[in-house]
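Below: target.txt (compact mmCIF, C-alpha atoms)
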```txt
# COMPACT_ATOMS: atom_id res chain seq x y z
CA MET A 1 0.00 0.00 0.00
CA ARG A 2 1.38 3.39 -0.97
CA PRO A 3 2.13 5.76 1.92
CA LEU A 4 -0.25 8.68 2.21
CA HIS A 5 2.42 11.29 1.52
CA ARG A 6 3.18 9.57 -1.80
CA LEU A 7 -0.41 10.17 -2.88
CA TRP A 8 0.03 13.96 -2.83
CA PRO A 9 0.52 15.45 -6.32
CA ALA A 10 3.79 17.08 -7.15
CA ARG A 11 3.64 20.85 -7.09
CA ALA A 12 5.85 23.85 -7.68
CA SER A 13 8.07 25.08 -4.87
CA LEU A 14 6.67 27.89 -2.72
CA ARG A 15 10.03 29.65 -2.99
CA TRP A 16 9.70 30.11 -6.75
CA LYS A 17 6.04 31.06 -6.49
CA ILE A 18 6.86 33.85 -4.05
CA ALA A 19 9.92 34.93 -6.04
CA GLY A 20 7.91 34.96 -9.26
CA LEU A 21 5.09 36.94 -7.66
CA ALA A 22 7.58 39.44 -6.22
CA ALA A 23 9.32 39.79 -9.58
CA ILE A 24 6.02 40.35 -11.39
CA THR A 25 4.95 42.89 -8.77
CA ALA A 26 8.28 44.69 -9.05
CA CYS A 27 7.99 44.76 -12.85
CA LEU A 28 4.48 46.21 -12.62
CA VAL A 29 5.63 48.86 -10.14
CA VAL A 30 8.64 49.74 -12.29
CA ALA A 31 6.47 49.91 -15.42
CA ALA A 32 3.89 52.12 -13.67
CA VAL A 33 6.56 54.48 -12.28
CA GLY A 34 8.43 54.57 -15.60
CA VAL A 35 5.32 55.38 -17.62
CA SER A 36 4.25 58.03 -15.10
CA VAL A 37 7.68 59.71 -15.12
CA HIS A 38 7.85 59.52 -18.92
CA LEU A 39 4.42 61.10 -19.38
CA TRP A 40 5.09 63.79 -16.79
CA THR A 41 8.47 64.65 -18.30
CA ALA A 42 7.06 64.66 -21.85
CA ASP A 43 4.27 67.04 -20.79
CA ASP A 44 6.78 69.26 -19.03
CA ILE A 45 8.99 69.37 -22.14
CA ARG A 46 6.02 70.25 -24.34
CA ASP A 47 4.94 73.00 -21.93
CA ARG A 48 8.43 74.47 -21.80
CA GLY A 49 8.78 74.20 -25.58
CA GLU A 50 5.48 75.94 -26.10
CA ALA A 51 6.49 78.72 -23.67
CA ARG A 52 9.83 79.17 -25.47
CA ALA A 53 8.07 79.41 -28.82
CA VAL A 54 5.63 82.05 -27.53
CA ASN A 55 8.43 84.11 -25.92
CA THR A 56 10.57 83.88 -29.04
CA LEU A 57 7.64 84.97 -31.19
CA TYR A 58 6.96 87.91 -28.84
CA SER A 59 10.58 89.13 -29.18
CA ALA A 60 10.64 88.57 -32.95
CA MET A 61 7.37 90.48 -33.40
CA ASP A 62 8.67 93.38 -31.32
CA VAL A 63 11.83 93.57 -33.44
CA TYR A 64 9.85 93.35 -36.67
CA ARG A 65 7.43 96.10 -35.74
CA ARG A 66 10.19 98.44 -34.52
CA THR A 67 12.78 97.89 -37.21
CA GLY A 68 10.96 96.07 -39.98
CA THR A 69 13.62 93.34 -39.92
CA LEU A 70 13.39 89.67 -38.98
CA ALA A 71 15.13 88.35 -35.89
CA ASP A 72 17.18 85.16 -36.02
CA GLY A 73 14.91 82.15 -36.40
CA ALA A 74 11.88 84.19 -37.51
CA ALA A 75 10.28 83.99 -40.99
CA LEU A 76 7.31 85.41 -42.85
CA ASP A 77 4.86 82.85 -44.21
CA PRO A 78 7.44 79.98 -44.22
CA ALA A 79 6.51 77.08 -46.50
CA GLU A 80 6.93 74.47 -43.75
CA LEU A 81 4.54 76.28 -41.41
CA PRO A 82 1.78 73.87 -40.22
CA ALA A 83 -1.55 74.46 -41.95
CA VAL A 84 -3.33 75.20 -38.68
CA LEU A 85 -1.15 78.34 -38.20
CA ARG A 86 -1.39 79.78 -41.72
CA ASP A 87 -4.45 81.91 -41.04
CA PRO A 88 -4.42 83.30 -37.47
CA ALA A 89 -7.20 85.84 -38.30
CA ASP A 90 -7.70 86.97 -34.69
CA GLY A 91 -4.22 88.47 -34.48
CA ASN A 92 -3.25 86.50 -31.36
CA ARG A 93 -0.25 84.26 -30.95
CA HIS A 94 -0.90 80.58 -31.70
CA THR A 95 1.28 77.52 -31.25
CA ALA A 96 1.36 74.06 -32.82
CA TYR A 97 3.50 70.95 -32.39
CA ASP A 98 5.16 69.47 -35.46
CA GLY A 99 6.49 65.96 -35.04
CA ARG A 100 8.13 65.76 -38.46
CA VAL A 101 11.88 65.24 -38.78
CA GLU A 102 13.54 67.03 -41.67
CA GLY A 103 17.31 67.04 -41.92
CA ASN A 104 18.80 68.20 -38.63
CA VAL A 105 15.49 69.61 -37.46
CA GLY A 106 13.54 67.19 -35.35
CA PRO A 107 10.18 67.54 -33.66
CA SER A 108 9.53 71.19 -32.91
CA PHE A 109 7.05 73.79 -31.69
CA TRP A 110 5.80 76.55 -34.00
CA ALA A 111 4.41 79.90 -32.88
CA ALA A 112 2.77 82.28 -35.36
CA GLN A 113 0.99 85.68 -35.38
CA ARG A 114 -0.29 87.91 -38.17
CA THR A 115 1.89 91.02 -38.38
CA GLY A 116 -0.96 93.42 -39.14
CA GLY A 117 -3.29 92.18 -36.44
CA PRO A 118 -6.94 91.29 -37.00
CA ASP A 119 -7.57 94.55 -38.89
CA ARG A 120 -5.21 93.53 -41.69
CA PRO A 121 -5.97 89.91 -42.56
CA GLU A 122 -3.90 90.19 -45.74
CA SER A 123 -0.71 90.94 -43.78
CA PRO A 124 1.97 88.22 -43.65
CA VAL A 125 2.26 85.73 -40.81
CA LEU A 126 5.39 85.94 -38.66
CA ALA A 127 6.43 82.48 -37.42
CA VAL A 128 9.23 81.04 -35.31
CA GLN A 129 10.27 77.42 -34.88
CA VAL A 130 11.74 76.00 -31.66
CA ASN A 131 13.58 72.74 -32.23
CA MET A 132 12.82 70.14 -29.47
CA SER A 133 15.40 67.54 -30.55
CA SER A 134 17.69 68.09 -27.56
CA GLU A 135 14.82 67.92 -25.06
CA LEU A 136 13.41 64.75 -26.65
CA HIS A 137 16.90 63.25 -26.70
CA THR A 138 17.10 64.02 -22.98
CA LEU A 139 13.73 62.27 -22.54
CA ARG A 140 15.02 59.17 -24.34
CA ARG A 141 18.14 59.17 -22.17
CA LEU A 142 15.93 59.44 -19.10
CA ASP A 143 13.88 56.44 -20.32
CA VAL A 144 17.04 54.38 -20.89
CA THR A 145 18.46 55.38 -17.52
CA MET A 146 15.25 54.45 -15.71
CA THR A 147 15.09 51.14 -17.56
CA LEU A 148 18.67 50.25 -16.63
CA ALA A 149 18.15 51.33 -13.02
CA SER A 150 14.97 49.27 -12.82
CA LEU A 151 16.70 46.19 -14.23
CA LEU A 152 19.58 46.61 -11.78
CA ALA A 153 17.14 47.01 -8.87
CA LEU A 154 15.19 43.97 -10.02
CA ALA A 155 18.39 41.94 -10.39
CA ALA A 156 19.40 42.89 -6.85
CA ALA A 157 15.95 42.37 -5.32
CA THR A 158 15.21 38.99 -6.94
CA PRO A 159 18.01 37.04 -5.16
CA LEU A 160 16.98 38.62 -1.86
CA THR A 161 13.36 37.60 -2.51
CA ILE A 162 14.41 34.07 -3.43
CA TYR A 163 16.51 33.83 -0.29
CA GLY A 164 13.70 35.13 1.94
CA ALA A 165 11.16 32.86 0.25
CA GLY A 166 13.57 29.95 0.67
CA LEU A 167 13.72 30.54 4.42
CA LEU A 168 9.92 30.49 4.58
CA ALA A 169 9.70 27.44 2.33
CA ARG A 170 12.23 25.52 4.43
CA ARG A 171 10.28 26.23 7.60
CA LEU A 172 7.02 25.14 5.97
CA ARG A 173 8.73 22.06 4.49
CA ARG A 174 9.96 21.13 7.95
CA VAL A 175 6.40 21.32 9.28
CA SER A 176 5.13 19.32 6.29
CA GLN A 177 7.75 16.61 6.80
CA THR A 178 6.81 16.36 10.46
CA ALA A 179 3.12 16.00 9.58
CA GLY A 180 4.00 13.36 6.98
CA ARG A 181 6.03 11.36 9.51
CA ILE A 182 3.14 11.55 11.98
CA SER A 183 0.66 10.35 9.35
CA ALA A 184 3.06 7.49 8.52
CA GLY A 185 2.96 6.34 12.15
CA ASP A 186 5.96 8.08 13.72
CA LEU A 187 4.20 9.58 16.73
CA ASP A 188 7.50 10.82 18.19
CA ALA A 189 8.06 13.20 15.27
CA ARG A 190 8.09 16.86 16.30
CA THR A 191 8.87 20.09 14.50
CA GLY A 192 10.53 21.55 17.57
CA PRO A 193 11.13 25.25 18.24
CA THR A 194 11.15 27.49 15.19
CA LYS A 195 12.58 30.96 14.70
CA GLY A 196 10.21 33.88 14.79
CA HIS A 197 6.74 34.44 16.14
CA ASP A 198 4.78 34.43 12.91
CA GLU A 199 2.10 32.21 11.36
CA VAL A 200 4.60 29.48 10.43
CA ALA A 201 5.69 29.19 14.06
CA ASP A 202 2.03 28.95 15.07
CA ILE A 203 1.47 26.15 12.54
CA ALA A 204 4.54 24.27 13.78
CA ALA A 205 3.42 24.58 17.39
CA THR A 206 -0.09 23.40 16.46
CA VAL A 207 1.29 20.35 14.62
CA ASP A 208 3.39 19.44 17.66
CA LEU A 209 0.38 19.85 19.97
CA MET A 210 -1.67 17.69 17.61
CA ALA A 211 1.04 15.01 17.65
CA ASP A 212 1.16 15.10 21.45
CA SER A 213 -2.61 14.72 21.70
CA LEU A 214 -2.71 11.98 19.06
CA GLY A 215 0.15 10.14 20.74
CA ARG A 216 -1.59 10.21 24.12
CA ARG A 217 -4.82 8.91 22.62
CA LEU A 218 -3.11 6.11 20.71
CA ARG A 219 -1.04 5.10 23.72
CA THR A 220 -4.20 4.98 25.79
CA GLU A 221 -5.93 2.89 23.13
CA ARG A 222 -3.00 0.52 22.79
CA GLN A 223 -2.67 0.13 26.54
CA PHE A 224 -6.37 -0.60 26.80
CA THR A 225 -6.13 -3.23 24.04
CA ALA A 226 -3.14 -4.86 25.73
CA ASP A 227 -4.83 -4.85 29.15
CA VAL A 228 -8.06 -6.33 27.78
CA ALA A 229 -6.23 -9.04 25.85
CA HIS A 230 -4.07 -9.90 28.84
CA GLU A 231 -7.02 -10.06 31.21
CA LEU A 232 -9.02 -12.23 28.80
CA ARG A 233 -6.23 -14.74 28.39
CA THR A 234 -6.81 -16.43 31.76
CA PRO A 235 -10.60 -16.85 31.52
CA VAL A 236 -10.29 -18.10 27.95
CA GLY A 237 -7.82 -20.72 29.15
CA GLY A 238 -10.31 -21.70 31.83
CA LEU A 239 -13.04 -22.02 29.20
CA LEU A 240 -10.89 -24.38 27.17
CA ALA A 241 -10.30 -26.54 30.23
CA ALA A 242 -14.03 -26.50 31.02
CA VAL A 243 -14.91 -27.57 27.49
CA ASP A 244 -12.87 -30.73 27.97
CA LEU A 245 -15.27 -31.72 30.76
CA LEU A 246 -18.32 -31.57 28.48
CA PRO A 247 -19.68 -34.83 27.12
CA PRO A 248 -18.83 -35.46 23.46
CA GLY A 249 -21.39 -34.28 20.95
CA ASP A 250 -22.48 -31.44 18.71
CA THR A 251 -22.79 -29.03 21.60
CA GLU A 252 -19.25 -29.75 22.75
CA ASP A 253 -17.90 -29.27 19.22
CA LEU A 254 -19.75 -25.98 18.79
CA ILE A 255 -18.58 -24.58 22.12
CA ARG A 256 -15.00 -25.74 21.50
CA ALA A 257 -14.97 -24.01 18.08
CA ARG A 258 -16.26 -20.76 19.55
CA VAL A 259 -13.78 -20.84 22.42
CA ARG A 260 -10.99 -21.59 19.95
CA ASP A 261 -12.01 -18.52 17.91
CA LEU A 262 -12.06 -16.43 21.06
CA ARG A 263 -8.59 -17.61 22.01
CA GLY A 264 -7.34 -16.76 18.50
CA LEU A 265 -8.80 -13.27 18.84
CA VAL A 266 -7.11 -12.75 22.19
CA GLU A 267 -3.78 -13.94 20.82
CA ASP A 268 -4.14 -11.56 17.85
CA LEU A 269 -4.84 -8.66 20.20
CA LEU A 270 -1.79 -9.50 22.28
CA GLU A 271 0.35 -9.69 19.16
CA ILE A 272 -0.92 -6.31 17.94
CA SER A 273 -0.26 -4.75 21.34
CA ARG A 274 3.31 -6.06 21.32
CA LEU A 275 3.87 -4.73 17.80
CA ASP A 276 2.46 -1.34 18.79
CA ALA A 277 4.67 -1.19 21.86
CA GLY A 278 7.79 -2.10 19.86
CA ALA A 279 8.39 -5.09 22.12
CA GLU A 280 8.86 -7.52 19.22
CA GLN A 281 12.34 -8.25 17.87
CA ALA A 282 13.09 -10.11 14.66
CA VAL A 283 15.30 -13.19 14.92
CA ARG A 284 16.88 -13.30 11.50
CA ALA A 285 18.26 -16.32 9.70
CA ARG A 286 19.05 -17.11 6.08
CA VAL A 287 16.29 -19.36 4.76
CA PRO A 288 14.99 -20.42 1.33
CA LEU A 289 12.04 -18.21 0.54
CA GLY A 290 10.10 -20.72 -1.54
CA ALA A 291 10.29 -23.44 1.11
CA VAL A 292 9.17 -21.12 3.91
CA VAL A 293 6.19 -19.92 1.84
CA CYS A 294 5.18 -23.49 0.97
CA ASP A 295 5.33 -24.52 4.63
CA ALA A 296 3.30 -21.49 5.70
CA VAL A 297 0.59 -22.23 3.12
CA ALA A 298 0.53 -25.92 4.08
CA ARG A 299 0.02 -25.08 7.77
CA THR A 300 -3.15 -23.15 6.96
CA GLY A 301 -4.78 -26.39 5.75
CA LEU A 302 -6.49 -24.45 2.95
CA ASP A 303 -6.53 -25.43 -0.72
CA THR A 304 -4.07 -22.96 -2.19
CA ALA A 305 -1.98 -23.15 -5.36
CA VAL A 306 1.68 -22.24 -4.79
CA THR A 307 3.94 -21.40 -7.73
CA VAL A 308 7.69 -20.82 -7.45
CA THR A 309 8.65 -19.26 -10.77
CA GLU A 310 12.43 -19.63 -10.48
CA THR A 311 14.30 -22.93 -10.62
CA THR A 312 16.76 -21.72 -8.00
CA THR A 313 14.85 -19.95 -5.25
CA PRO A 314 17.01 -17.33 -3.53
CA THR A 315 17.65 -17.46 0.16
CA VAL A 316 16.68 -14.43 2.19
CA GLU A 317 17.81 -13.19 5.57
CA THR A 318 14.65 -12.78 7.59
CA ASP A 319 12.69 -14.06 10.56
CA PRO A 320 11.05 -17.25 9.20
CA ARG A 321 8.42 -17.39 11.95
CA ARG A 322 7.22 -13.87 11.23
CA LEU A 323 7.39 -14.44 7.48
CA GLU A 324 5.18 -17.52 7.90
CA ARG A 325 2.80 -15.43 9.99
CA ILE A 326 2.50 -12.83 7.22
CA VAL A 327 1.93 -15.40 4.47
CA SER A 328 -0.58 -17.43 6.48
CA ASN A 329 -2.57 -14.32 7.40
CA LEU A 330 -2.71 -13.24 3.76
CA VAL A 331 -3.79 -16.71 2.61
CA VAL A 332 -6.47 -17.02 5.32
CA ASN A 333 -7.72 -13.52 4.49
CA ALA A 334 -7.90 -14.39 0.77
CA HIS A 335 -9.91 -17.57 1.46
CA ARG A 336 -12.18 -15.85 3.96
CA HIS A 337 -13.01 -12.85 1.78
CA GLY A 338 -12.44 -14.22 -1.73
CA GLY A 339 -15.92 -15.63 -2.09
CA GLY A 340 -14.76 -19.23 -2.47
CA THR A 341 -12.66 -18.40 -5.53
CA PRO A 342 -9.25 -20.00 -6.11
CA VAL A 343 -6.37 -18.52 -4.15
CA GLU A 344 -2.95 -18.39 -5.78
CA VAL A 345 0.44 -17.76 -4.17
CA THR A 346 3.37 -16.89 -6.43
CA VAL A 347 7.02 -16.65 -5.35
CA GLU A 348 9.36 -14.81 -7.70
CA GLY A 349 12.76 -13.61 -6.54
CA ARG A 350 12.19 -11.82 -3.24
CA THR A 351 8.52 -11.15 -3.93
CA VAL A 352 5.52 -13.14 -2.70
CA VAL A 353 2.11 -12.45 -4.28
CA VAL A 354 -1.17 -13.71 -2.79
CA ARG A 355 -4.23 -13.34 -5.00
CA ASP A 356 -7.86 -14.33 -4.89
CA HIS A 357 -10.56 -13.82 -7.54
CA GLY A 358 -13.25 -12.37 -5.31
CA PRO A 359 -14.67 -8.83 -5.08
CA GLY A 360 -11.28 -7.32 -4.24
CA PHE A 361 -10.23 -4.94 -1.50
CA PRO A 362 -12.66 -2.09 -0.75
CA HIS A 363 -11.64 1.37 -1.87
CA GLU A 364 -11.61 2.65 1.72
CA LEU A 365 -9.12 -0.03 2.75
CA LEU A 366 -6.82 0.78 -0.18
CA LEU A 367 -7.02 4.48 0.64
CA HIS A 368 -6.59 4.42 4.43
CA GLY A 369 -5.15 0.98 5.12
CA PRO A 370 -6.67 -1.82 7.22
CA ARG A 371 -8.45 -0.86 10.43
CA ARG A 372 -8.90 -3.04 13.47
CA PHE A 373 -12.32 -4.64 13.87
CA HIS A 374 -13.38 -3.17 10.56
CA THR A 375 -13.77 -5.24 7.39
CA ALA A 376 -14.86 -2.21 5.30
CA ALA A 377 -17.34 -4.03 3.04
CA PRO A 378 -20.01 -6.70 3.70
CA GLN A 379 -19.15 -8.56 0.50
CA ARG A 380 -15.68 -9.25 1.89
CA GLY A 381 -17.20 -11.64 4.40
CA PRO A 382 -16.92 -11.91 8.22
CA GLY A 383 -13.81 -11.15 10.23
CA HIS A 384 -12.29 -8.90 12.85
CA GLY A 385 -10.02 -6.94 10.53
CA LEU A 386 -6.92 -7.98 12.49
CA GLY A 387 -5.23 -10.30 9.98
CA LEU A 388 -4.07 -7.59 7.60
CA THR A 389 -3.16 -5.31 10.52
CA ILE A 390 -0.87 -8.00 11.93
CA ALA A 391 0.60 -8.75 8.49
CA LEU A 392 1.45 -5.08 7.95
CA GLY A 393 2.95 -4.77 11.44
CA GLN A 394 5.12 -7.88 10.97
CA ALA A 395 6.20 -6.68 7.52
CA ARG A 396 7.36 -3.36 8.96
CA LEU A 397 9.27 -5.25 11.65
CA LEU A 398 11.08 -7.25 8.95
CA GLY A 399 11.77 -4.14 6.86
CA ALA A 400 9.61 -5.58 4.08
CA GLU A 401 7.04 -3.79 1.93
CA LEU A 402 3.48 -5.12 1.90
CA ARG A 403 1.36 -3.53 -0.82
CA LEU A 404 -2.40 -4.08 -1.08
CA ASP A 405 -4.12 -3.58 -4.42
CA ASN A 406 -6.80 -4.99 -6.72
CA ALA A 407 -5.99 -7.03 -9.80
CA PRO A 408 -6.84 -5.40 -13.17
CA SER A 409 -9.37 -8.11 -13.96
CA ARG A 410 -10.85 -9.15 -10.61
CA GLY A 411 -9.70 -10.08 -7.12
CA ALA A 412 -7.57 -8.83 -4.27
CA LEU A 413 -3.80 -8.68 -4.68
CA ALA A 414 -1.32 -8.63 -1.78
CA THR A 415 2.36 -8.22 -2.71
CA LEU A 416 5.13 -8.79 -0.15
CA HIS A 417 8.61 -7.67 -1.17
CA LEU A 418 11.45 -8.66 1.13
CA PRO A 419 14.55 -6.45 1.43
CA THR A 420 17.96 -7.52 0.17
```
Take the structure in the file and give it back as structure tokens.
Amino acid sequence: MRPLHRLWPARASLRWKIAGLAAITACLVVAAVGVSVHLWTADDIRDRGEARAVNTLYSAMDVYRRTGTLADGAALDPAELPAVLRDPADGNRHTAYDGRVEGNVGPSFWAAQRTGGPDRPESPVLAVQVNMSSELHTLRRLDVTMTLASLLALAAATPLTIYGAGLLARRLRRVSQTAGRISAGDLDARTGPTKGHDEVADIAATVDLMADSLGRRLRTERQFTADVAHELRTPVGGLLAAVDLLPPGDTEDLIRARVRDLRGLVEDLLEISRLDAGAEQAVRARVPLGAVVCDAVARTGLDTAVTVTETTTPTVETDPRRLERIVSNLVVNAHRHGGGTPVEVTVEGRTVVVRDHGPGFPHELLLHGPRRFHTAAPQRGPGHGLGLTIALGQARLLGAELRLDNAPSRGALATLHLPT
């Protein structure tokens, strides 16, 4: 069965999400500031250019009216004058922006006024042109400078953001790993003290408190199970002795069978309590895997087909008694819940596969693992739900992997893989 933390989908690192979000935010801020500064500067340049054109026209008109000559930069009815300024009939000064580039003259501001005023509409138009090339060049330099400064600031801020996000991600990953270890059964896992007094520290403290509470509850449950099983052992032994005093017959056989089942249940509870308490120790020896599996299946007394696929079965270093316990539990479970279908045991290399052709394992069992005194589905037949729990506990003790699944066609599939 796959561990729960393996079922979680892979996802992008929080560090890169935060760094990417910070970079995008910084780019948006830089773009907004750059556009605002550019627009403000461009408007300021246009205003100053327009003011220069009006002042130049005022001086040129004063010179023309006093002396009848044209000042430098002034002209009468110039051919390149924008059409909108060719007929200023009201006699006032008018300005216009010309974005054309001709020769060395770039975008410019024009200012024009009729020399004779509104009373002489046939008089020529005096016009001056103020070249804005230098100011617009300054604007382009400002844009380039702001762009380079923004890129440098972004290049300096991004590593700092990645570093800060990495610190946060490492703290969250530590909490996540602790929660994963707790969900996998390590009730002693703790996050421990964390730096800071922020939300991550609160989460870590909450996970540790949850582990403490869960550990206390499980220890209480396990102690209760062990106490009940231990206390039942003596009366069950007395019942077996009392059954021997009954006269032979159907009643005696029925009572003996029920007492035998009760004794098996008590022994299973004691075994589970020892596994939970970590009191069991594996006694390892090098044994032939195929022979141990065949003996375990034979001791169940159930009609089971055993196939050893290799001519030379490898020997494995394991505890043969516990290995037999795992295999026998899986075989008994397959016969009990397989609906009377054939049960097959296959040994290949270091892997033992037990399969029936019944309704298969319930989805809840595959998702959460076997639960004590819970068979998960009525169609799986009667039982206490302890066989698979014991098999998983013994497999963990041996360092083996026991995976529960359903066959593609039909039936439950239990795969035991022994370590090298």
Long-range neighbours of stretch 214-223 of chain A as a PDB file with C-alpha atoms, in the frame of the given file, 9 Å cut-off, all atoms listed in the file, 4 positions minimum in chain:
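Just written: around-v7.pdb:
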```pdb
ATOM      1  CA  LEU A 187       4.200   9.580  16.730  1.00  0.00           C
ATOM      2  CA  ASP A 188       7.500  10.820  18.190  1.00  0.00           C
ATOM      3  CA  LEU A 209       0.380  19.850  19.970  1.00  0.00           C
ATOM      4  CA  MET A 210      -1.670  17.690  17.610  1.00  0.00           C
ATOM      5  CA  ASP A 227      -4.830  -4.850  29.150  1.00  0.00           C
ATOM      6  CA  VAL A 228      -8.060  -6.330  27.780  1.00  0.00           C
ATOM      7  CA  ILE A 272      -0.920  -6.310  17.940  1.00  0.00           C
ATOM      8  CA  SER A 273      -0.260  -4.750  21.340  1.00  0.00           C
ATOM      9  CA  ASP A 276       2.460  -1.340  18.790  1.00  0.00           C
ATOM     10  CA  ALA A 277       4.670  -1.190  21.860  1.00  0.00           C
TER      11      ALA A 277
END
```
Practice item. May I have the residues within 12 Å of stretch 48-56 of chain A as an MDAnalysis selection string, using all atoms listed in the file and disregarding those fewer than 3 positions away in the same chain? Key: chainID A and resid 41:45 59:63 70:75 92:98 107:113 126:136
Handout entry: Among listed residues A:Ala169, A:Met146, A:Ala334, A:Ala153, nearest A:Val35 (using only C-alpha atoms)
Key =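 Smallest distance to A:Val35 is found for A:Met146.
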* Asked: Looking at all atoms listed in the file, which of A:Pro159, A:Pro248, A:Gly164, A:Gly192 is the one that sits closest to A:Val207?
  ->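 For A:Val207, the nearest of the given residues is A:Gly192.
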key: Atomic separation - atom CA of A:Ser328 relative to atom CA of A:His363, Å   =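 A separation of 23.4 Å between them.
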